[in-house]
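For reference, the structure discussed in these notes is given below.
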2 protein chains.
Amino acid sequence: MIYMRLSKRGEYGLRAMIVLAEHATDGSSPDMMQIKEISQREQIPAKFLEQILLTLKNAGLLHSKMGVGGGYYLARPASEITLGQIFRILDGPVAPIKCVSQMAYEPCGCPNEETCGLRLAMSDVRNAIAGILDNTSLADVTRRQAELQAHIVNR
Amino acid sequence: MIYMRLSKRGEYGLRAMIVLAEHATDGSSPDMMQIKEISQREQIPAKFLEQILLTLKNAGLLHSKMGVGGGYYLARPASEITLGQIFRILDGPVAPIKCVSQMAYEPCGCPNEETCGLRLAMSDVRNAIAGILDNTSLADVTRRQAELQAHIVNR
DNA sequence: CAAAAGTATACTTATATTATAGACTTTATA
DNA sequence: TATAAAGTCTATAATATAAGTATACTTTTG
């Protein structure tokens with residue numbers, strides 16, 4: 001069963017963006033990373049990652065440089081890129097059912113949409129998910145990671 | 001794309017359970033419904049619904065009566081059946097990624113699970129979804145439906 | 001011009017979902 | 001007791017999707 005789940009594409013894309021955000025903040029080197037670098041570090045099939053990063057680039061979340069010494073880097077500060085943006089590009093709308101989607105609404109054929117109890121519950125679910133993903137930036141993620149890391153070191 | 005979504009199986013199953021819950025509370029007839037009745041009312045392919053109801057029955061959420069005048073009915077009061085129970089039977093674990101699943105944990109292979117930022121965010125998502133589904137009973141759903149209906153009638 | 005790196009698209013393989021079909025069992029009742 | 005109504009069970013077809021692989025191309029640097 002693969003429902004209510006993050007796809008591998010989504011997972012890999014999110015991981016890659018997080019790594020790029022880490023790299024951008026640590027001040028080392030010109031904050032650009034190559035596909036190969038990311039794929040090795042995160043154990044992601046390189047050719048698959050290639051597609052994913054390209055998609056994120058075409059969606060405006062990444063910039064790239066071709067040729068020798070090229071690579072990918074965030075198009076904006078990590079604080080201005082949310083998990084929701086990344087997720088939607090790679091996995092589509094957040095809503096568990098189309099009739100509650102803000103981005104891709106479609107009627108779902110229940111006799112009375114206005115009073116449909118399932119729709120209401122799924123709307124709550126959508127809002128809960130979107131509330132988290134749209135309010136968590138890459139900077140939030142890397143900050144939390146750093147906090148956890150510090151906590152472990154200190155114990 | 002079918003990610004982060006309710007399956008048709010899940011949708012149909014939830015709808016059927018809600019209809020059965022409505023039927024149980026409205027006092028009319030012996031609160032039992034036939035597959036055909038449900039499938040017509042909710043526009044669900046009858047043979048598909050058959051499988052779904054059987055699954056829910058084998059999981060202990062429904063009881064049935066065979067033969068002439070038979071049908072399905074809720075195994076417990078609508079207030080004691082949650083959307084989370086139904087969902088998990090039909091669509092599996094709620095967690096968007098296995099490493100944050102309470103019901104079906106598996107490591108997801110990130111180098112350090114303890115400080116993985118993606119895992120942390122997805123754990124929030126899981127808890128948000130489970131919080132809603134596990135705290136919404138069929139009775140809650142039918143009550144909300146009735147409230148909405150009353151509101152429409154009164155305007 | 002050669003090598004490094006991203007761009008673009010097509011294809012393969014595997015698996016899951018969404019049904020549909022058909023034969024079987026139980027029960028009520030004419 | 002025969003028949004029809006209703007659920008049970010299992011197999012299978014049709015379709016869709018995901019995940020990954022392959023290949024050719026373009027841009028850039030030195």
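Identifiers for the structure tokens are assigned positionally: chains receive A, B, ... in sequence, residues are indexed from 1 per chain, and ligands are indexed from 1 in the order shown.
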
- With chain B fixed, least-squares superpose chain A over all its C-alpha atoms paired in order and give the RMSD in Å.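 So the superposition leaves a C-alpha RMSD of 0.1 Å.
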
- Query: Taking the backbone alone, and naming residues the way the document does, which bits of chain A are strand (DSSP E) by DSSP, as a PyMOL selection string?
  - Reply: chain A and resi 62-65+71-74

Please identify every residue of chain A that has at least one atom no more than 12 Å from any atom of chain D, counting only C-alpha atoms (C1' of nucleotides), and report them as a PDB file with N, CA and C atoms, in the first residue's frame.
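Generated output (part21.pdb):
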```pdb
ATOM      1  N   ILE A   2       0.557   2.168  -0.846  1.00  0.00           N
ATOM      2  CA  ILE A   2       1.410   3.352  -0.954  1.00  0.00           C
ATOM      3  C   ILE A   2       0.646   4.635  -0.678  1.00  0.00           C
ATOM      4  N   LEU A   6       4.741   9.726   1.254  1.00  0.00           N
ATOM      5  CA  LEU A   6       5.694  10.499   0.486  1.00  0.00           C
ATOM      6  C   LEU A   6       6.295   9.561  -0.553  1.00  0.00           C
ATOM      7  N   SER A   7       6.398  10.023  -1.806  1.00  0.00           N
ATOM      8  CA  SER A   7       7.029   9.170  -2.820  1.00  0.00           C
ATOM      9  C   SER A   7       8.539   9.216  -2.641  1.00  0.00           C
ATOM     10  N   LYS A   8       9.222   8.297  -3.285  1.00  0.00           N
ATOM     11  CA  LYS A   8      10.683   8.305  -3.263  1.00  0.00           C
ATOM     12  C   LYS A   8      11.175   9.598  -3.906  1.00  0.00           C
ATOM     13  N   ARG A   9      10.516   9.992  -4.964  1.00  0.00           N
ATOM     14  CA  ARG A   9      10.882  11.242  -5.629  1.00  0.00           C
ATOM     15  C   ARG A   9      10.822  12.402  -4.631  1.00  0.00           C
ATOM     16  N   GLY A  10       9.699  12.449  -3.909  1.00  0.00           N
ATOM     17  CA  GLY A  10       9.530  13.503  -2.912  1.00  0.00           C
ATOM     18  C   GLY A  10      10.566  13.407  -1.806  1.00  0.00           C
ATOM     19  N   TYR A  12      13.581  11.967  -1.867  1.00  0.00           N
ATOM     20  CA  TYR A  12      14.905  12.305  -2.369  1.00  0.00           C
ATOM     21  C   TYR A  12      15.033  13.810  -2.594  1.00  0.00           C
ATOM     22  N   ILE A  44      21.280   8.298  -2.984  1.00  0.00           N
ATOM     23  CA  ILE A  44      20.189   8.429  -3.945  1.00  0.00           C
ATOM     24  C   ILE A  44      20.731   8.069  -5.331  1.00  0.00           C
ATOM     25  N   PRO A  45      20.018   7.212  -6.093  1.00  0.00           N
ATOM     26  CA  PRO A  45      20.481   6.885  -7.444  1.00  0.00           C
ATOM     27  C   PRO A  45      20.717   8.163  -8.250  1.00  0.00           C
ATOM     28  N   ALA A  46      21.922   8.311  -8.789  1.00  0.00           N
ATOM     29  CA  ALA A  46      22.332   9.569  -9.396  1.00  0.00           C
ATOM     30  C   ALA A  46      21.419  10.003 -10.547  1.00  0.00           C
ATOM     31  N   LYS A  47      21.066   9.063 -11.399  1.00  0.00           N
ATOM     32  CA  LYS A  47      20.267   9.403 -12.569  1.00  0.00           C
ATOM     33  C   LYS A  47      18.859   9.842 -12.187  1.00  0.00           C
ATOM     34  N   PHE A  48      18.385   9.239 -11.138  1.00  0.00           N
ATOM     35  CA  PHE A  48      17.049   9.599 -10.644  1.00  0.00           C
ATOM     36  C   PHE A  48      17.115  11.004 -10.030  1.00  0.00           C
ATOM     37  N   LEU A  49      18.148  11.247  -9.274  1.00  0.00           N
ATOM     38  CA  LEU A  49      18.309  12.553  -8.629  1.00  0.00           C
ATOM     39  C   LEU A  49      18.431  13.659  -9.678  1.00  0.00           C
ATOM     40  N   GLU A  50      19.097  13.325 -10.764  1.00  0.00           N
ATOM     41  CA  GLU A  50      19.268  14.258 -11.873  1.00  0.00           C
ATOM     42  C   GLU A  50      17.908  14.820 -12.302  1.00  0.00           C
ATOM     43  N   GLN A  51      16.978  13.900 -12.531  1.00  0.00           N
ATOM     44  CA  GLN A  51      15.613  14.292 -12.937  1.00  0.00           C
ATOM     45  C   GLN A  51      14.943  15.167 -11.901  1.00  0.00           C
ATOM     46  N   ILE A  52      15.129  14.773 -10.663  1.00  0.00           N
ATOM     47  CA  ILE A  52      14.449  15.471  -9.574  1.00  0.00           C
ATOM     48  C   ILE A  52      14.954  16.902  -9.446  1.00  0.00           C
ATOM     49  N   SER A  64      21.321  26.629 -11.282  1.00  0.00           N
ATOM     50  CA  SER A  64      22.420  25.713 -11.593  1.00  0.00           C
ATOM     51  C   SER A  64      23.452  26.414 -12.460  1.00  0.00           C
ATOM     52  N   LYS A  65      24.583  25.771 -12.516  1.00  0.00           N
ATOM     53  CA  LYS A  65      25.625  26.250 -13.406  1.00  0.00           C
ATOM     54  C   LYS A  65      26.121  25.045 -14.191  1.00  0.00           C
ATOM     55  N   MET A  66      26.144  25.180 -15.488  1.00  0.00           N
ATOM     56  CA  MET A  66      26.592  24.066 -16.331  1.00  0.00           C
ATOM     57  C   MET A  66      28.106  24.074 -16.469  1.00  0.00           C
ATOM     58  N   GLY A  67      28.594  22.985 -17.026  1.00  0.00           N
ATOM     59  CA  GLY A  67      30.016  22.922 -17.357  1.00  0.00           C
ATOM     60  C   GLY A  67      30.918  22.655 -16.163  1.00  0.00           C
ATOM     61  N   VAL A  68      32.184  22.640 -16.466  1.00  0.00           N
ATOM     62  CA  VAL A  68      33.199  22.331 -15.457  1.00  0.00           C
ATOM     63  C   VAL A  68      33.014  23.215 -14.219  1.00  0.00           C
ATOM     64  N   GLY A  69      33.049  22.594 -13.063  1.00  0.00           N
ATOM     65  CA  GLY A  69      32.905  23.363 -11.811  1.00  0.00           C
ATOM     66  C   GLY A  69      31.492  23.822 -11.546  1.00  0.00           C
ATOM     67  N   GLY A  70      30.559  23.253 -12.299  1.00  0.00           N
ATOM     68  CA  GLY A  70      29.157  23.656 -12.120  1.00  0.00           C
ATOM     69  C   GLY A  70      28.511  22.952 -10.950  1.00  0.00           C
ATOM     70  N   GLY A  71      27.193  23.052 -10.896  1.00  0.00           N
ATOM     71  CA  GLY A  71      26.456  22.398  -9.815  1.00  0.00           C
ATOM     72  C   GLY A  71      25.150  23.103  -9.538  1.00  0.00           C
ATOM     73  N   ASP A  91       5.392  15.857  -5.635  1.00  0.00           N
ATOM     74  CA  ASP A  91       4.342  14.879  -5.339  1.00  0.00           C
ATOM     75  C   ASP A  91       2.935  15.393  -5.571  1.00  0.00           C
TER      76      ASP A  91
END
```

- Please return, as a count of residues only, all residues of chain C lying within 7 Å of chain B when only C-alpha atoms (C1' of nucleotides) are considered. 4

- Item | Within 6 Å of chain B: residues of chain A, using only C-alpha atoms, as a list of chain:residue names |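 Listing them in order of chain and number gives A:Tyr3, A:Met4, A:Arg5, A:Leu6, A:Pro96, A:Thr115, A:Gly117, A:Val125, A:Ile129, A:Val141, A:Gln145, A:Leu148.
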
- State, in Å with one decimal place, the distance from CA of Leu20 (chain B) to C1' of DA21 (chain C). 27.0 Å

- Item | Point-to-point distance in Å for CA of Pro77 (chain B) and CA of Val153 (chain B) | 27.6 Å

- Message: Based on the backbone DSSP call, show me all residues of chain A assigned helix (DSSP H, G or I), as a PyMOL selection string.
- Response: chain A and resi 8-25+35-42+46-58+78-80+83-91+98-100+113-115+117-133+138-153

With C-alpha atoms retained, export the selected residues as a tab-separated table (two decimals), in the first residue's frame.
```tsv
chain	number	residue	atom	x	y	z
A	8	LYS	CA	10.68	8.30	-3.26
A	9	ARG	CA	10.88	11.24	-5.63
A	10	GLY	CA	9.53	13.50	-2.91
A	11	GLU	CA	11.76	12.01	-0.26
A	12	TYR	CA	14.91	12.31	-2.37
A	13	GLY	CA	14.04	15.83	-3.44
A	14	LEU	CA	13.42	16.99	0.11
A	15	ARG	CA	16.64	15.38	1.32
A	16	ALA	CA	18.61	16.99	-1.46
A	17	MET	CA	17.16	20.43	-0.71
A	18	ILE	CA	17.97	20.02	2.97
A	19	VAL	CA	21.56	19.08	2.17
A	20	LEU	CA	21.85	22.08	-0.12
A	21	ALA	CA	20.50	24.29	2.65
A	22	GLU	CA	23.04	22.90	5.12
A	23	HIS	CA	25.78	23.47	2.64
A	24	ALA	CA	24.65	27.04	2.01
A	25	THR	CA	24.82	27.98	5.68
A	35	ILE	CA	24.60	15.91	-8.35
A	36	LYS	CA	27.20	13.24	-7.70
A	37	GLU	CA	28.11	14.78	-4.36
A	38	ILE	CA	24.50	14.83	-3.17
A	39	SER	CA	23.69	11.38	-4.51
A	40	GLN	CA	26.66	9.83	-2.73
A	41	ARG	CA	26.04	11.61	0.53
A	42	GLU	CA	22.32	10.74	0.60
A	46	ALA	CA	22.33	9.57	-9.40
A	47	LYS	CA	20.27	9.40	-12.57
A	48	PHE	CA	17.05	9.60	-10.64
A	49	LEU	CA	18.31	12.55	-8.63
A	50	GLU	CA	19.27	14.26	-11.87
A	51	GLN	CA	15.61	14.29	-12.94
A	52	ILE	CA	14.45	15.47	-9.57
A	53	LEU	CA	16.84	18.39	-9.34
A	54	LEU	CA	15.99	19.39	-12.88
A	55	THR	CA	12.33	19.49	-11.98
A	56	LEU	CA	13.04	21.62	-8.94
A	57	LYS	CA	15.17	23.90	-11.08
A	58	ASN	CA	12.49	24.32	-13.73
A	78	ALA	CA	16.74	28.64	2.92
A	79	SER	CA	14.36	30.62	5.11
A	80	GLU	CA	12.24	31.42	2.07
A	83	LEU	CA	8.77	22.01	2.53
A	84	GLY	CA	5.30	22.57	1.07
A	85	GLN	CA	6.71	24.18	-2.05
A	86	ILE	CA	9.10	21.30	-2.62
A	87	PHE	CA	6.51	18.66	-1.85
A	88	ARG	CA	3.92	20.05	-4.25
A	89	ILE	CA	6.36	20.25	-7.13
A	90	LEU	CA	7.41	16.63	-6.73
A	91	ASP	CA	4.34	14.88	-5.34
A	98	LYS	CA	-9.47	16.30	-4.71
A	99	CYS	CA	-12.61	17.95	-3.40
A	100	VAL	CA	-10.65	19.59	-0.56
A	113	GLU	CA	-20.62	18.26	-1.21
A	114	GLU	CA	-21.66	20.99	1.17
A	115	THR	CA	-22.70	18.58	3.89
A	117	GLY	CA	-18.84	14.46	6.39
A	118	LEU	CA	-15.93	12.71	4.75
A	119	ARG	CA	-15.07	15.90	2.90
A	120	LEU	CA	-15.11	17.82	6.14
A	121	ALA	CA	-12.77	15.41	7.88
A	122	MET	CA	-10.42	15.26	4.91
A	123	SER	CA	-10.42	19.04	4.81
A	124	ASP	CA	-9.15	19.04	8.39
A	125	VAL	CA	-6.43	16.61	7.39
A	126	ARG	CA	-5.42	18.73	4.43
A	127	ASN	CA	-5.21	21.85	6.55
A	128	ALA	CA	-3.16	20.08	9.18
A	129	ILE	CA	-0.65	18.81	6.63
A	130	ALA	CA	-0.45	22.07	4.73
A	131	GLY	CA	-0.12	23.95	8.00
A	132	ILE	CA	3.03	22.04	8.81
A	133	LEU	CA	4.62	21.83	5.38
A	138	LEU	CA	14.55	24.63	4.94
A	139	ALA	CA	16.17	26.94	7.48
A	140	ASP	CA	13.81	25.64	10.16
A	141	VAL	CA	14.81	22.09	9.28
A	142	THR	CA	18.54	22.71	9.38
A	143	ARG	CA	18.22	24.67	12.64
A	144	ARG	CA	16.34	21.81	14.28
A	145	GLN	CA	18.95	19.38	13.02
A	146	ALA	CA	21.72	21.47	14.48
A	147	GLU	CA	19.92	21.70	17.82
A	148	LEU	CA	19.52	17.95	17.99
A	149	GLN	CA	23.14	17.46	17.08
A	150	ALA	CA	24.26	19.83	19.83
A	151	HIS	CA	22.05	18.02	22.31
A	152	ILE	CA	23.64	14.69	21.46
A	153	VAL	CA	27.17	16.05	21.70
```
